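This is input_16.cif. It holds mmCIF, C-alpha atoms.
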data_structure
#
loop_
_atom_site.label_atom_id
_atom_site.label_comp_id
_atom_site.auth_asym_id
_atom_site.auth_seq_id
_atom_site.Cartn_x
_atom_site.Cartn_y
_atom_site.Cartn_z
CA MET Y 128 1.81 121.26 -31.03
CA ALA Y 129 2.28 119.72 -34.47
CA ASN Y 130 0.11 121.00 -37.29
CA VAL Y 131 -2.70 118.58 -38.19
CA LEU Y 132 -4.19 118.68 -41.67
CA PRO Y 133 -7.95 119.42 -41.44
CA ARG Y 134 -10.14 116.45 -42.28
CA GLU Y 135 -11.64 118.10 -45.37
CA LYS Y 136 -8.15 118.58 -46.79
CA GLN Y 137 -7.24 115.01 -45.93
CA VAL Y 138 -10.29 113.82 -47.86
CA ALA Y 139 -9.42 116.06 -50.82
CA VAL Y 140 -5.86 114.71 -50.93
CA ILE Y 141 -6.94 111.05 -50.72
CA ALA Y 142 -9.63 111.57 -53.37
CA ALA Y 143 -7.04 113.06 -55.71
CA LEU Y 144 -4.60 110.20 -55.06
CA ALA Y 145 -7.33 107.60 -55.62
CA GLU Y 146 -8.28 109.22 -58.94
CA GLY Y 147 -4.72 109.04 -60.25
CA SER Y 148 -3.23 112.48 -59.54
CA SER Y 149 0.48 112.58 -58.81
CA ILE Y 150 1.83 113.77 -55.46
CA ARG Y 151 3.51 116.82 -56.98
CA ALA Y 152 0.37 117.72 -58.93
CA ILE Y 153 -1.67 117.62 -55.72
CA GLU Y 154 1.00 119.76 -54.05
CA ARG Y 155 0.70 122.37 -56.79
CA ILE Y 156 -3.11 122.38 -56.69
CA THR Y 157 -3.62 122.37 -52.91
CA GLY Y 158 -0.46 124.03 -51.60
CA ILE Y 159 0.06 121.11 -49.20
CA ASN Y 160 3.66 119.95 -48.87
CA ARG Y 161 4.40 116.77 -50.83
CA ASN Y 162 5.88 115.03 -47.77
CA THR Y 163 2.61 115.62 -45.92
CA ILE Y 164 0.68 114.22 -48.89
CA MET Y 165 2.96 111.17 -49.09
CA ASN Y 166 2.79 110.45 -45.37
CA LEU Y 167 -1.00 110.78 -45.35
CA GLY Y 168 -1.27 108.47 -48.36
CA VAL Y 169 0.84 105.81 -46.65
CA ARG Y 170 -1.13 106.03 -43.40
CA VAL Y 171 -4.50 105.82 -45.16
CA GLY Y 172 -3.23 103.06 -47.48
CA GLN Y 173 -2.09 100.95 -44.55
CA GLY Y 174 -5.47 101.47 -42.91
CA CYS Y 175 -7.19 100.46 -46.17
CA ALA Y 176 -5.24 97.19 -46.17
CA LYS Y 177 -6.70 96.40 -42.74
CA ILE Y 178 -10.21 97.36 -43.88
CA LEU Y 179 -10.02 95.06 -46.90
CA ASP Y 180 -8.57 92.22 -44.83
CA ALA Y 181 -11.49 92.47 -42.40
CA LYS Y 182 -14.29 92.90 -44.97
CA MET Y 183 -13.22 90.46 -47.70
CA ARG Y 184 -14.23 87.35 -45.73
CA ASN Y 185 -16.72 84.52 -46.23
CA LEU Y 186 -17.24 85.54 -49.87
CA THR Y 187 -19.14 83.81 -52.66
CA CYS Y 188 -17.24 84.27 -55.93
CA HIS Y 189 -18.23 81.89 -58.71
CA PHE Y 190 -15.95 82.93 -61.57
CA LEU Y 191 -12.55 84.29 -60.54
CA GLN Y 192 -9.86 85.54 -62.89
CA PHE Y 193 -6.18 85.90 -61.91
CA ASP Y 194 -3.45 88.07 -63.39
CA GLU Y 195 -0.39 90.15 -62.45
CA ILE Y 196 0.40 93.78 -63.22
CA TRP Y 197 3.99 94.99 -63.51
CA GLY Y 198 5.64 97.95 -61.81
CA PHE Y 199 8.98 98.76 -60.24
CA ILE Y 200 10.45 100.11 -57.00
CA GLY Y 201 13.25 102.66 -57.30
CA LYS Y 202 14.58 101.36 -60.61
CA LYS Y 203 13.75 98.78 -63.25
CA GLU Y 204 15.16 95.28 -62.84
CA LYS Y 205 17.72 95.67 -65.62
CA HIS Y 206 19.31 98.60 -63.76
CA ARG Y 207 19.44 96.92 -60.34
CA LEU Y 208 22.90 96.14 -58.94
CA PHE Y 209 23.68 93.06 -56.88
CA THR Y 210 24.53 95.41 -53.98
CA ASP Y 211 21.11 97.11 -54.08
CA ASP Y 212 18.27 96.46 -51.67
CA PRO Y 213 16.47 93.27 -52.81
CA ALA Y 214 13.16 95.18 -52.63
CA LEU Y 215 14.27 97.38 -55.53
CA GLY Y 216 13.56 96.46 -59.14
CA ASP Y 217 10.51 94.86 -60.69
CA VAL Y 218 7.44 94.37 -58.52
CA TRP Y 219 4.25 92.55 -59.49
CA THR Y 220 0.75 92.98 -58.08
CA PHE Y 221 -1.12 89.68 -58.24
CA CYS Y 222 -4.86 90.30 -58.15
CA ALA Y 223 -8.15 88.46 -58.54
CA ILE Y 224 -11.53 89.67 -59.77
CA ASP Y 225 -14.96 88.09 -59.60
CA ALA Y 226 -16.35 88.26 -63.15
CA GLU Y 227 -19.96 88.63 -61.90
CA THR Y 228 -19.67 91.32 -59.19
CA LYS Y 229 -16.32 92.84 -60.31
CA LEU Y 230 -15.15 92.54 -56.69
CA VAL Y 231 -11.41 92.27 -56.03
CA PRO Y 232 -11.32 89.84 -53.09
CA SER Y 233 -7.55 89.67 -52.78
CA TYR Y 234 -4.24 91.00 -54.08
CA LYS Y 235 -0.58 90.42 -53.27
CA VAL Y 236 2.48 92.57 -54.01
CA GLY Y 237 5.81 90.83 -54.60
CA LYS Y 238 8.15 89.30 -57.13
CA ARG Y 239 6.72 87.15 -59.93
CA THR Y 240 7.69 83.89 -58.23
CA HIS Y 241 6.15 80.69 -56.88
CA VAL Y 242 6.40 82.16 -53.37
CA THR Y 243 4.23 85.19 -54.16
CA ALA Y 244 1.82 83.11 -56.26
CA ASN Y 245 1.32 80.62 -53.43
CA ALA Y 246 0.77 83.40 -50.88
CA PHE Y 247 -1.72 85.13 -53.20
CA VAL Y 248 -3.79 82.07 -54.13
CA GLY Y 249 -3.74 80.84 -50.53
CA ASP Y 250 -5.16 84.18 -49.42
CA VAL Y 251 -7.89 83.99 -52.09
CA ALA Y 252 -8.88 80.49 -50.92
CA SER Y 253 -9.08 81.60 -47.28
CA ARG Y 254 -11.69 84.24 -48.18
CA LEU Y 255 -14.14 82.01 -50.09
CA LYS Y 256 -16.94 79.81 -48.85
CA ASN Y 257 -17.79 78.17 -52.19
CA ARG Y 258 -16.09 76.12 -54.90
CA PRO Y 259 -15.05 78.63 -57.59
CA GLN Y 260 -14.10 78.40 -61.22
CA ILE Y 261 -10.72 80.07 -61.75
CA SER Y 262 -9.21 81.35 -64.99
CA SER Y 263 -5.64 82.52 -65.48
CA ASP Y 264 -3.04 83.07 -68.14
CA GLY Y 265 -0.25 80.58 -68.69
CA LEU Y 266 1.93 81.47 -65.66
CA ARG Y 267 3.06 78.04 -64.46
CA ALA Y 268 3.29 79.16 -60.84
CA TYR Y 269 -0.52 79.17 -60.68
CA VAL Y 270 -0.72 75.41 -61.25
CA GLU Y 271 1.16 74.62 -58.04
CA ALA Y 272 -0.43 77.49 -56.12
CA VAL Y 273 -4.03 76.50 -56.94
CA GLU Y 274 -3.35 72.86 -56.07
CA ASN Y 275 -1.79 73.83 -52.74
CA ALA Y 276 -4.60 76.23 -51.82
CA PHE Y 277 -7.72 74.46 -53.14
CA GLY Y 278 -6.72 70.82 -53.68
CA MET Y 279 -9.48 69.28 -55.80
CA ASN Y 280 -12.16 71.71 -54.58
CA VAL Y 281 -11.85 74.01 -57.61
CA ASP Y 282 -12.49 74.14 -61.34
CA PHE Y 283 -9.37 75.69 -62.85
CA GLY Y 284 -8.63 76.47 -66.47
CA MET Y 285 -5.90 78.38 -68.29
CA ILE Y 286 -6.10 80.44 -71.45
CA ILE Y 287 -2.87 80.54 -73.47
CA LYS Y 288 -2.52 83.38 -75.98
CA ASN Y 289 -0.02 83.22 -78.83
CA TYR Y 290 1.24 86.49 -80.27
CA GLY Y 291 2.55 87.32 -83.70
CA ALA Y 292 5.93 88.93 -84.35
CA ASP Y 293 5.81 92.70 -83.93
CA LYS Y 294 7.75 93.94 -86.97
CA GLY Y 295 7.55 96.66 -89.58
CA GLU Y 296 7.71 100.41 -89.70
CA HIS Y 297 5.47 100.95 -86.68
CA HIS Y 298 7.44 98.66 -84.37
CA GLN Y 299 8.87 101.48 -82.22
CA GLU Y 300 5.45 103.09 -81.87
CA ARG Y 301 4.02 99.79 -80.55
CA ARG Y 302 6.73 99.00 -78.00
CA TYR Y 303 4.30 99.46 -75.12
CA SER Y 304 1.42 97.59 -76.73
CA ALA Y 305 1.02 93.83 -76.95
CA PRO Y 306 1.48 92.34 -80.43
CA GLU Y 307 -1.54 90.97 -82.25
CA VAL Y 308 -3.00 87.77 -80.79
CA THR Y 309 -2.77 85.07 -83.44
CA SER Y 310 -4.36 82.18 -81.53
CA MET Y 311 -5.76 81.16 -78.14
CA GLN Y 312 -5.85 77.81 -76.45
CA LYS Y 313 -8.00 76.95 -73.44
CA MET Y 314 -7.10 73.99 -71.24
CA THR Y 315 -8.49 72.33 -68.14
CA ILE Y 316 -6.01 72.07 -65.26
CA VAL Y 317 -8.19 70.89 -62.34
CA GLY Y 318 -11.83 69.87 -62.06
CA ASP Y 319 -14.42 70.56 -64.75
CA PRO Y 320 -14.43 74.28 -65.67
CA LEU Y 321 -16.90 75.59 -68.24
CA MET Y 322 -14.71 76.10 -71.29
CA GLU Y 323 -16.72 79.06 -72.60
CA LEU Y 324 -16.13 80.90 -69.29
CA ILE Y 325 -12.36 80.42 -69.17
CA SER Y 326 -11.32 84.00 -69.77
CA THR Y 327 -9.03 86.77 -68.50
CA SER Y 328 -10.94 89.64 -70.13
CA HIS Y 329 -12.27 91.10 -66.86
CA ILE Y 330 -8.92 91.01 -65.05
CA GLU Y 331 -7.17 92.59 -68.04
CA ARG Y 332 -9.75 95.38 -67.99
CA LEU Y 333 -9.12 95.77 -64.25
CA ASN Y 334 -5.41 96.18 -65.01
CA GLY Y 335 -6.29 99.11 -67.25
CA THR Y 336 -8.37 100.70 -64.50
CA THR Y 337 -5.54 100.16 -62.01
CA ARG Y 338 -3.00 101.88 -64.25
CA LEU Y 339 -5.39 104.82 -64.73
CA HIS Y 340 -6.05 105.28 -61.02
CA MET Y 341 -2.54 104.59 -59.67
CA ARG Y 342 -0.07 107.20 -60.88
CA ARG Y 343 2.82 104.93 -59.82
CA LEU Y 344 1.72 102.39 -62.43
CA THR Y 345 0.94 104.79 -65.27
CA ARG Y 346 3.35 104.07 -68.11
CA LEU Y 347 5.78 106.65 -69.53
CA THR Y 348 5.65 109.05 -66.56
CA TYR Y 349 8.18 110.09 -63.92
CA ALA Y 350 5.94 108.73 -61.17
CA PHE Y 351 7.21 105.62 -59.37
CA SER Y 352 7.67 104.37 -55.81
CA LYS Y 353 11.04 104.59 -54.12
CA LYS Y 354 9.98 102.33 -51.24
CA LEU Y 355 8.06 99.05 -51.23
CA GLU Y 356 6.07 100.26 -48.19
CA ASN Y 357 4.77 103.25 -50.15
CA PHE Y 358 3.88 101.09 -53.15
CA GLU Y 359 1.95 98.58 -51.02
CA ALA Y 360 0.02 101.42 -49.35
CA ALA Y 361 -0.88 102.91 -52.75
CA VAL Y 362 -2.13 99.52 -53.98
CA ALA Y 363 -4.26 99.05 -50.84
CA LEU Y 364 -5.75 102.54 -51.23
CA HIS Y 365 -6.59 101.84 -54.86
CA PHE Y 366 -8.37 98.55 -54.26
CA ALA Y 367 -10.26 99.88 -51.22
CA TYR Y 368 -11.43 102.84 -53.31
CA TYR Y 369 -12.30 100.51 -56.21
CA ASN Y 370 -14.25 98.03 -54.06
CA LEU Y 371 -16.02 100.39 -51.66
CA VAL Y 372 -16.24 103.90 -53.14
CA ARG Y 373 -16.10 103.97 -56.94
CA THR Y 374 -19.36 103.27 -58.77
CA HIS Y 375 -18.84 100.59 -61.40
CA GLY Y 376 -20.01 101.76 -64.81
CA SER Y 377 -22.14 98.75 -65.75
CA LEU Y 378 -23.23 97.67 -62.26
CA LYS Y 379 -24.35 101.19 -61.21
CA MET Y 380 -23.11 100.34 -57.71
CA THR Y 381 -19.83 99.48 -56.06
CA PRO Y 382 -18.40 95.95 -56.39
CA ALA Y 383 -18.75 95.55 -52.61
CA MET Y 384 -22.48 96.25 -52.88
CA ALA Y 385 -22.86 93.83 -55.80
CA ALA Y 386 -21.13 91.12 -53.77
CA GLY Y 387 -23.23 91.76 -50.66
CA VAL Y 388 -20.26 92.96 -48.62
CA GLU Y 389 -21.78 96.44 -48.16
CA ARG Y 390 -25.35 97.74 -48.35
CA SER Y 391 -24.56 101.30 -49.39
CA PHE Y 392 -21.98 103.50 -51.06
CA TRP Y 393 -18.93 104.66 -49.15
CA THR Y 394 -17.57 108.18 -49.60
CA VAL Y 395 -13.88 109.05 -49.58
CA GLY Y 396 -14.58 110.66 -46.21
CA ASP Y 397 -15.90 107.34 -44.90
CA LEU Y 398 -12.77 105.61 -46.19
CA VAL Y 399 -10.44 108.12 -44.54
CA GLU Y 400 -12.43 107.97 -41.27
CA ALA Y 401 -12.23 104.17 -41.17
CA ALA Y 402 -8.58 104.02 -42.19
CA LEU Y 403 -7.12 106.55 -39.74
#
If you took the structure in this file and wrote it as structure tokens, what would it be?
Amino acid sequence: MANVLPREKQVAVIAALAEGSSIRAIERITGINRNTIMNLGVRVGQGCAKILDAKMRNLTCHFLQFDEIWGFIGKKEKHRLFTDDPALGDVWTFCAIDAETKLVPSYKVGKRTHVTANAFVGDVASRLKNRPQISSDGLRAYVEAVENAFGMNVDFGMIIKNYGADKGEHHQERRYSAPEVTSMQKMTIVGDPLMELISTSHIERLNGTTRLHMRRLTRLTYAFSKKLENFEAAVALHFAYYNLVRTHGSLKMTPAMAAGVERSFWTVGDLVEAAL
């Protein structure tokens, strides 16, 4: 009979993964083999994707913000050979956040293309029951994607940020930071969005939380995914933990509770039980 990891150890492993610990760090702390940790993470992550798909339905989100967060599979795009697996190289996680409840109703992992953008925005539209206001950065793929998914039943605005040249003696120290924003321009794309509420501040803050809680996306580390399947499972685990388990600092409840999706807090044990 194969050895089965006790449930309390499964919960401990998933809690550590959700809080941003690396697989090898968890191995050193718990003594559990890293392959067991990785396989459990993938299984729970795939279950989390199904949980989110079932629960994020018939939502009311008034002010949505869209953005994409960069990562890579196996190697960075500049090192990818034409003979490599097409899944290798840069990968982008498109995600949406409701500015009021901080709920993440949808996400999509893929290349930064019109295809992924259309699939992502179409999925967002299928989960809403109201006419939302949407804000995004200047990625042109969103214009087509929002039109295809919502038609005229949306108020959509873009915020375009212009950055100064990053020069001087501290240039190398700032390579992983955005240059100073010199100007911003807000524009209406569809409908009649409230100009003062066209913003990407909440989604940019979410990106910071995501990088903190997903070791595969933490910059300047050795942690990265070698398989797209593993990366997608890690993303699903993160957003399920974010929506259902983690208490939001300002809301004092989970985003799922704020949005009326859940009535009470989930524990990591609840998440593991539902996912497996």
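Taking CA of Gly158 in chain Y and CA of Val140 in chain Y as the two end points, the separation is 10.8 Å.
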Discussion item. With all atoms listed in the file as the counted atoms, please give the residues lying no more than 8 Å from Val231 in chain Y, apart from itself and same-chain residues fewer than 3 positions off, as a PyMOL selection string.
Written reply: chain Y and resi 222-225+234+366+370+382
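Minimum atom-to-atom distances from Y:Val308, Y:Leu333, Y:Leu186, Y:Ala350 to Arg258 in chain Y were compared using all atoms listed in the file, and the lowest value belongs to Y:Leu186.
Nearest to Trp219 in chain Y of all the residues Y:Ala145, Y:Met311, Y:Val362, Y:Ile150 is Y:Val362, based on all atoms listed in the file.
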Worksheet item: Closest to Ile164 in chain Y among Y:His189, Y:Lys182, Y:Lys136, Y:His375, using all atoms listed in the file?
Response: Y:Lys136
Closest pair table for range 189-288 of chain Y residues within 12 Å of range 353-360 of chain Y, only C-alpha atoms, as CSV:
residue,atom,partner,partner_atom,distance
Y:Gly198,CA,Y:Phe358,CA,9.4
Y:Phe199,CA,Y:Lys353,CA,8.7
Y:Ile200,CA,Y:Lys353,CA,5.4
Y:Gly201,CA,Y:Lys353,CA,4.3
Y:Lys202,CA,Y:Lys353,CA,8.1
Y:Lys203,CA,Y:Lys353,CA,11.2
Y:Asp212,CA,Y:Lys354,CA,10.2
Y:Pro213,CA,Y:Leu355,CA,10.3
Y:Ala214,CA,Y:Leu355,CA,6.6
Y:Leu215,CA,Y:Leu355,CA,7.7
Y:Gly216,CA,Y:Lys353,CA,9.9
Y:Asp217,CA,Y:Leu355,CA,10.6
Y:Val218,CA,Y:Leu355,CA,8.7
Y:Trp219,CA,Y:Phe358,CA,10.6
Y:Thr220,CA,Y:Glu359,CA,9.1
Y:Phe221,CA,Y:Glu359,CA,11.9
Y:Tyr234,CA,Y:Glu359,CA,10.3
Y:Lys235,CA,Y:Glu359,CA,8.8
Y:Val236,CA,Y:Glu359,CA,6.7
Y:Gly237,CA,Y:Leu355,CA,9.2
Y:Lys238,CA,Y:Leu355,CA,11.4
Worksheet item: Using all atoms listed in the file, which residues sit within 12 Å of Leu167 in chain Y once same-chain residues fewer than 6 positions away are excluded, as a PyMOL selection string?
Response: chain Y and resi 131-134+136-142+144+150+159-161+173-174+357+360-361+364+399+402-403
Fill in: Atom-to-atom span, CA of Ala367 in chain Y and CA of Cys175 in chain Y, Å
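Value for the CA of Ala367 in chain Y-CA of Cys175 in chain Y distance: 5.9 Å.
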Worksheet entry | Test item: residues at most 8 Å from His329 in chain Y, only C-alpha atoms, excluding those fewer than 5 positions along its chain, as a PyMOL selection string | chain Y and resi 192+224+226+229
Taking C-alpha atoms for each residue, export the selection above as a PDB file, in the coordinates of the input.
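Saved as again-v6.pdb:
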ATOM      1  CA  GLN Y 192      -9.860  85.540 -62.890  1.00  0.00           C
ATOM      2  CA  ILE Y 224     -11.530  89.670 -59.770  1.00  0.00           C
ATOM      3  CA  ALA Y 226     -16.350  88.260 -63.150  1.00  0.00           C
ATOM      4  CA  LYS Y 229     -16.320  92.840 -60.310  1.00  0.00           C
TER       5      LYS Y 229
END
Discussion item. Could you list, as a PyMOL selection string, every residue within 12 Å of Val273 in chain Y, counting only C-alpha atoms and ignoring same-chain residues fewer than 6 positions away?
Written reply: chain Y and resi 193+241+244-252+259-263+266-267+279-285+316-318
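The neighbours of Thr337 in chain Y here are the residues that come within 10 Å of it, using all atoms listed in the file and leaving out any residue fewer than 4 positions away in the same chain; they are Ala145, Glu146, Gly147, Ile196, Glu331, Arg332, Leu333, Met341, Arg342, Arg343, Leu344, Thr345, Val362, His365, Phe366 and Tyr369 of chain Y.
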Can you write just those residues out, C-alpha atoms, as a PDB file, in the coordinates of the input?
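And here is the file that came out, part39.pdb:
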ATOM      1  CA  ALA Y 145      -7.330 107.600 -55.620  1.00  0.00           C
ATOM      2  CA  GLU Y 146      -8.280 109.220 -58.940  1.00  0.00           C
ATOM      3  CA  GLY Y 147      -4.720 109.040 -60.250  1.00  0.00           C
ATOM      4  CA  ILE Y 196       0.400  93.780 -63.220  1.00  0.00           C
ATOM      5  CA  GLU Y 331      -7.170  92.590 -68.040  1.00  0.00           C
ATOM      6  CA  ARG Y 332      -9.750  95.380 -67.990  1.00  0.00           C
ATOM      7  CA  LEU Y 333      -9.120  95.770 -64.250  1.00  0.00           C
ATOM      8  CA  MET Y 341      -2.540 104.590 -59.670  1.00  0.00           C
ATOM      9  CA  ARG Y 342      -0.070 107.200 -60.880  1.00  0.00           C
ATOM     10  CA  ARG Y 343       2.820 104.930 -59.820  1.00  0.00           C
ATOM     11  CA  LEU Y 344       1.720 102.390 -62.430  1.00  0.00           C
ATOM     12  CA  THR Y 345       0.940 104.790 -65.270  1.00  0.00           C
ATOM     13  CA  VAL Y 362      -2.130  99.520 -53.980  1.00  0.00           C
ATOM     14  CA  HIS Y 365      -6.590 101.840 -54.860  1.00  0.00           C
ATOM     15  CA  PHE Y 366      -8.370  98.550 -54.260  1.00  0.00           C
ATOM     16  CA  TYR Y 369     -12.300 100.510 -56.210  1.00  0.00           C
TER      17      TYR Y 369
END
Fill in: Which residue of Y:Ser148, Y:Leu371, Y:Val171, Y:Gly291 approaches Gly387 in chain Y most closely, using only C-alpha atoms
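Smallest separation from Gly387 in chain Y among the options: Y:Leu371.
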Fill in: Proximity to Asn275 in chain Y - best of Y:Leu255, Y:Val242, Y:Val395, Y:Ile287, all atoms listed in the file
Y:Val242
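Among the candidates Y:Ser352, Y:Glu154, Y:Leu179, Y:Leu230, the one nearest to Met384 in chain Y when counting all atoms listed in the file is Y:Leu230.
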Worksheet entry | Selection dump of the PyMOL selection byres ((chain Y and resi 391) around 12), as number ranges by chain | Y: 370-374, 379-390, 392-394, 397
Practice prompt. Provide the CA of Asn257 in chain Y to CA of Leu378 in chain Y distance in Å, to one decimal place.
Written response: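 Taking CA of Asn257 in chain Y and CA of Leu378 in chain Y, their separation equals 22.6 Å.
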Kindly add all heavy atoms to the incomplete range 277-286 of chain Y and provide the output as a PDB file, keeping the file's coordinate frame.
ATOM      1  N   PHE Y 277      -6.358  74.983 -52.981  1.00  0.00           N
ATOM      2  CA  PHE Y 277      -7.720  74.460 -53.140  1.00  0.00           C
ATOM      3  C   PHE Y 277      -7.780  72.936 -53.181  1.00  0.00           C
ATOM      4  O   PHE Y 277      -8.857  72.370 -52.985  1.00  0.00           O
ATOM      5  CB  PHE Y 277      -8.336  75.002 -54.437  1.00  0.00           C
ATOM      6  CG  PHE Y 277      -8.677  76.460 -54.397  1.00  0.00           C
ATOM      7  CD1 PHE Y 277      -7.787  77.411 -54.863  1.00  0.00           C
ATOM      8  CD2 PHE Y 277      -9.895  76.880 -53.895  1.00  0.00           C
ATOM      9  CE1 PHE Y 277      -8.104  78.764 -54.849  1.00  0.00           C
ATOM     10  CE2 PHE Y 277     -10.234  78.233 -53.870  1.00  0.00           C
ATOM     11  CZ  PHE Y 277      -9.331  79.179 -54.337  1.00  0.00           C
ATOM     12  N   GLY Y 278      -6.668  72.265 -53.479  1.00  0.00           N
ATOM     13  CA  GLY Y 278      -6.720  70.820 -53.680  1.00  0.00           C
ATOM     14  C   GLY Y 278      -7.586  70.499 -54.885  1.00  0.00           C
ATOM     15  O   GLY Y 278      -7.396  71.053 -55.969  1.00  0.00           O
ATOM     16  N   MET Y 279      -8.571  69.631 -54.718  1.00  0.00           N
ATOM     17  CA  MET Y 279      -9.480  69.280 -55.800  1.00  0.00           C
ATOM     18  C   MET Y 279     -10.797  70.064 -55.742  1.00  0.00           C
ATOM     19  O   MET Y 279     -11.678  69.869 -56.567  1.00  0.00           O
ATOM     20  CB  MET Y 279      -9.796  67.777 -55.745  1.00  0.00           C
ATOM     21  CG  MET Y 279      -8.578  66.888 -55.933  1.00  0.00           C
ATOM     22  SD  MET Y 279      -7.747  67.195 -57.522  1.00  0.00           S
ATOM     23  CE  MET Y 279      -9.009  66.653 -58.678  1.00  0.00           C
ATOM     24  N   ASN Y 280     -10.912  70.968 -54.760  1.00  0.00           N
ATOM     25  CA  ASN Y 280     -12.160  71.710 -54.580  1.00  0.00           C
ATOM     26  C   ASN Y 280     -12.163  72.993 -55.412  1.00  0.00           C
ATOM     27  O   ASN Y 280     -12.396  74.098 -54.920  1.00  0.00           O
ATOM     28  CB  ASN Y 280     -12.356  72.049 -53.100  1.00  0.00           C
ATOM     29  CG  ASN Y 280     -13.755  72.589 -52.812  1.00  0.00           C
ATOM     30  OD1 ASN Y 280     -14.728  72.178 -53.439  1.00  0.00           O
ATOM     31  ND2 ASN Y 280     -13.841  73.517 -51.874  1.00  0.00           N
ATOM     32  N   VAL Y 281     -11.905  72.850 -56.715  1.00  0.00           N
ATOM     33  CA  VAL Y 281     -11.850  74.010 -57.610  1.00  0.00           C
ATOM     34  C   VAL Y 281     -11.978  73.520 -59.046  1.00  0.00           C
ATOM     35  O   VAL Y 281     -11.637  72.368 -59.363  1.00  0.00           O
ATOM     36  CB  VAL Y 281     -10.506  74.763 -57.422  1.00  0.00           C
ATOM     37  CG1 VAL Y 281      -9.326  73.911 -57.866  1.00  0.00           C
ATOM     38  CG2 VAL Y 281     -10.503  76.095 -58.161  1.00  0.00           C
ATOM     39  N   ASP Y 282     -12.495  74.382 -59.895  1.00  0.00           N
ATOM     40  CA  ASP Y 282     -12.490  74.140 -61.340  1.00  0.00           C
ATOM     41  C   ASP Y 282     -11.570  75.205 -61.945  1.00  0.00           C
ATOM     42  O   ASP Y 282     -11.896  76.393 -61.932  1.00  0.00           O
ATOM     43  CB  ASP Y 282     -13.903  74.268 -61.913  1.00  0.00           C
ATOM     44  CG  ASP Y 282     -14.854  73.246 -61.296  1.00  0.00           C
ATOM     45  OD1 ASP Y 282     -14.526  72.048 -61.326  1.00  0.00           O
ATOM     46  OD2 ASP Y 282     -15.909  73.652 -60.777  1.00  0.00           O
ATOM     47  N   PHE Y 283     -10.435  74.767 -62.457  1.00  0.00           N
ATOM     48  CA  PHE Y 283      -9.370  75.690 -62.850  1.00  0.00           C
ATOM     49  C   PHE Y 283      -8.989  75.458 -64.310  1.00  0.00           C
ATOM     50  O   PHE Y 283      -8.697  74.331 -64.715  1.00  0.00           O
ATOM     51  CB  PHE Y 283      -8.158  75.485 -61.939  1.00  0.00           C
ATOM     52  CG  PHE Y 283      -6.942  76.306 -62.311  1.00  0.00           C
ATOM     53  CD1 PHE Y 283      -7.063  77.582 -62.830  1.00  0.00           C
ATOM     54  CD2 PHE Y 283      -5.671  75.791 -62.114  1.00  0.00           C
ATOM     55  CE1 PHE Y 283      -5.942  78.337 -63.158  1.00  0.00           C
ATOM     56  CE2 PHE Y 283      -4.544  76.535 -62.437  1.00  0.00           C
ATOM     57  CZ  PHE Y 283      -4.686  77.815 -62.967  1.00  0.00           C
ATOM     58  N   GLY Y 284      -9.033  76.543 -65.085  1.00  0.00           N
ATOM     59  CA  GLY Y 284      -8.630  76.470 -66.470  1.00  0.00           C
ATOM     60  C   GLY Y 284      -7.692  77.603 -66.829  1.00  0.00           C
ATOM     61  O   GLY Y 284      -7.724  78.673 -66.220  1.00  0.00           O
ATOM     62  N   MET Y 285      -6.838  77.367 -67.809  1.00  0.00           N
ATOM     63  CA  MET Y 285      -5.900  78.380 -68.290  1.00  0.00           C
ATOM     64  C   MET Y 285      -6.231  78.750 -69.731  1.00  0.00           C
ATOM     65  O   MET Y 285      -6.713  77.908 -70.498  1.00  0.00           O
ATOM     66  CB  MET Y 285      -4.463  77.879 -68.235  1.00  0.00           C
ATOM     67  CG  MET Y 285      -3.810  77.924 -66.871  1.00  0.00           C
ATOM     68  SD  MET Y 285      -2.075  77.418 -66.950  1.00  0.00           S
ATOM     69  CE  MET Y 285      -1.486  78.011 -65.366  1.00  0.00           C
ATOM     70  N   ILE Y 286      -5.973  79.993 -70.073  1.00  0.00           N
ATOM     71  CA  ILE Y 286      -6.100  80.440 -71.450  1.00  0.00           C
ATOM     72  C   ILE Y 286      -4.725  80.911 -71.919  1.00  0.00           C
ATOM     73  O   ILE Y 286      -4.135  81.809 -71.325  1.00  0.00           O
ATOM     74  CB  ILE Y 286      -7.182  81.538 -71.610  1.00  0.00           C
ATOM     75  CG1 ILE Y 286      -7.278  81.992 -73.058  1.00  0.00           C
ATOM     76  CG2 ILE Y 286      -6.937  82.705 -70.673  1.00  0.00           C
ATOM     77  CD1 ILE Y 286      -8.504  82.846 -73.356  1.00  0.00           C
TER      78      ILE Y 286
END
